[in-house]
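Please read the structure below before turning to the comments.
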Amino acid sequence: MIRLFVAINFNSDTRLRLISIQNELRNRSQRGNFTLPENLHLTLAFIGDVSPRKIDKIKAILETVTFEPFDVLIERIGTFSRGTLWWAGLRKDEQLMLLQREIEHKLALCGFEPDGREYSPHVTLGREVVTAAAPWKVEPFGEIVSHIDLMKSERIGGKLTYTSIYRRGKWKSPIVVAPYSPAWALEFERIMTYLMPHIGDLIVDIHHIGSTSVPGLSAKPIIDFDIEIATMSVFPAIKERLGKLNFRHEGDYGITGREAFKREVLDEFMSYHMYVCPSDSAEFRRHLRFRDALRADARIAAEYAALKTALAEKCGNDIDAYIAGKAGFINNILERKGDNG
């Protein structure tokens, strides 16, 4: 069985503010079981323990949930359970409440019953807290929410760990496909040069993938790259190394063989997506084969560029629709090139 829930994961700025408040509470408390900083999140729906066979069904339900990016604001610190469970409370927002109700309703229709309690949006800071502190208000802070995650809860080495196994949502701004820039290859080299001294002894290689890796191809100006490891047995060690560089493991977003990491601090590089993949990952091999097919055939690359430009105009900020619109073309090229997964 796998324990699942649907959540909103916060950006680094919001998480740092929550950690600061949590530390203030900790300093004013005698004891408590405080939420790990990387586990701070807003639960939208708790699903509970389910068979792995039902995960695809839950993903299909979430695929029908649509929403536009909206603001969330944290404005107060309070308690449940006779003052032992402390939380950061969110201002009730109509879009947030509608999204939460839609998710619970659609899950219930498919047999995943909600717990029946009225939804009160909050971020759990700690349980079994013993403190003389009283609830207080904070200067409102928050962010624009554009994604929701299906999260897996498990204990790894005795540590409660949450990871995303599926993500959907929209971008905050319209999707932009820009003309090719030679600066993209140079930017990848800069990022690789930064990472190699820290992880080079653990990995096989770092591969520039995606459209920015194909000379002459129009692309979203975001660098995509895969860090190749020999086997998943190396993953705990590289996760630890990347954690020391402030990269947070985000999960696989539902794509097996591709573990996403996101940096929690600002850096000097242009926007990038970073993944860790074992050498035998089917998804990793697909990345390389599709990139190489585009590099080898200018006609295919031109067709792909035209498709992406049209999809960007059609889809606006709907990144899920944009990705889905490309899938048929990508699969067709891989089949023609003899990709068997």
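Quick note on naming: the chains in the structure tokens go A, B, ... in the order shown, residues restart at 1 in each chain, and ligands are numbered from 1 in order of appearance.
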
Would you list the contacts of Ile21 of chain A as a list in words, taking every protein, DNA or RNA residue within 9 Å and counting only C-alpha atoms, but skipping same-chain residues closer than 4 positions in sequence?
Leu16, Arg17, Leu25, Arg26, Ile77, Ala88, Leu125 and Val138 of chain A

Residues near Glu268 of chain A, anyone? I mean within 12 Å using only C-alpha atoms, not counting same-chain ones fewer than 6 positions away, as a list of chain:residue names.
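These residues fall inside the cut-off: A:Glu187, A:Arg190, A:Ile191, A:Tyr194.
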
Just the residues within 8 Å of Ile19 of chain A, please, counting only C-alpha atoms, with nothing from its chain fewer than 4 positions along; format it as a list of chain:residue names.
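Once the nearby chain positions are removed, what remains is A:Arg15, A:Asn23, A:Pro37.
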
Segment 50-89 of chain A: residues DSSP assigns to strand (DSSP E or B), reported as a PyMOL selection string:
chain A and resi 50+70-80+85-89

Can you list, as number ranges by chain, every protein, DNA or RNA residue that comes within 10 Å of Ile229 of chain A when you count only C-alpha atoms, leaving out same-chain residues fewer than 6 positions away?
A: 202-206, 235, 238, 276-281

Produce a file of the selected residues containing N, CA and C atoms, as a PDB file, in the first residue's frame.
ATOM      1  N   LEU A 202      30.346  10.800  -8.597  1.00  0.00           N
ATOM      2  CA  LEU A 202      29.185   9.929  -8.402  1.00  0.00           C
ATOM      3  C   LEU A 202      28.430   9.628  -9.691  1.00  0.00           C
ATOM      4  N   ILE A 203      28.741  10.333 -10.760  1.00  0.00           N
ATOM      5  CA  ILE A 203      27.887  10.271 -11.942  1.00  0.00           C
ATOM      6  C   ILE A 203      28.624   9.713 -13.157  1.00  0.00           C
ATOM      7  N   VAL A 204      27.827   9.393 -14.174  1.00  0.00           N
ATOM      8  CA  VAL A 204      28.380   8.966 -15.460  1.00  0.00           C
ATOM      9  C   VAL A 204      28.654  10.181 -16.328  1.00  0.00           C
ATOM     10  N   ASP A 205      27.675  11.082 -16.426  1.00  0.00           N
ATOM     11  CA  ASP A 205      27.825  12.273 -17.268  1.00  0.00           C
ATOM     12  C   ASP A 205      26.648  13.202 -17.015  1.00  0.00           C
ATOM     13  N   ILE A 206      26.731  14.398 -17.573  1.00  0.00           N
ATOM     14  CA  ILE A 206      25.618  15.352 -17.569  1.00  0.00           C
ATOM     15  C   ILE A 206      25.291  15.656 -19.019  1.00  0.00           C
ATOM     16  N   PHE A 235      21.590   6.958  -6.084  1.00  0.00           N
ATOM     17  CA  PHE A 235      20.690   8.099  -5.895  1.00  0.00           C
ATOM     18  C   PHE A 235      20.741   8.705  -4.491  1.00  0.00           C
ATOM     19  N   ILE A 238      23.809  11.006  -4.270  1.00  0.00           N
ATOM     20  CA  ILE A 238      23.771  12.229  -5.066  1.00  0.00           C
ATOM     21  C   ILE A 238      22.686  13.167  -4.560  1.00  0.00           C
ATOM     22  N   VAL A 276      17.775  13.738 -12.483  1.00  0.00           N
ATOM     23  CA  VAL A 276      18.740  12.671 -12.247  1.00  0.00           C
ATOM     24  C   VAL A 276      18.131  11.384 -12.775  1.00  0.00           C
ATOM     25  N   CYS A 277      18.871  10.683 -13.638  1.00  0.00           N
ATOM     26  CA  CYS A 277      18.347   9.473 -14.304  1.00  0.00           C
ATOM     27  C   CYS A 277      19.390   8.364 -14.270  1.00  0.00           C
ATOM     28  N   PRO A 278      18.974   7.134 -13.978  1.00  0.00           N
ATOM     29  CA  PRO A 278      19.908   6.011 -14.118  1.00  0.00           C
ATOM     30  C   PRO A 278      20.132   5.680 -15.591  1.00  0.00           C
ATOM     31  N   SER A 279      21.254   5.070 -15.876  1.00  0.00           N
ATOM     32  CA  SER A 279      21.613   4.773 -17.269  1.00  0.00           C
ATOM     33  C   SER A 279      20.589   3.892 -17.967  1.00  0.00           C
ATOM     34  N   ASP A 280      19.916   3.021 -17.207  1.00  0.00           N
ATOM     35  CA  ASP A 280      18.960   2.109 -17.840  1.00  0.00           C
ATOM     36  C   ASP A 280      17.539   2.662 -17.884  1.00  0.00           C
ATOM     37  N   SER A 281      17.358   3.925 -17.568  1.00  0.00           N
ATOM     38  CA  SER A 281      16.028   4.532 -17.584  1.00  0.00           C
ATOM     39  C   SER A 281      15.506   4.663 -19.018  1.00  0.00           C
TER      40      SER A 281
END

In segment 141-294 of chain A, what's alpha helix (DSSP H) per DSSP? Answer as an NGL selection string?
:A and (183-199 or 235-244 or 282-294)
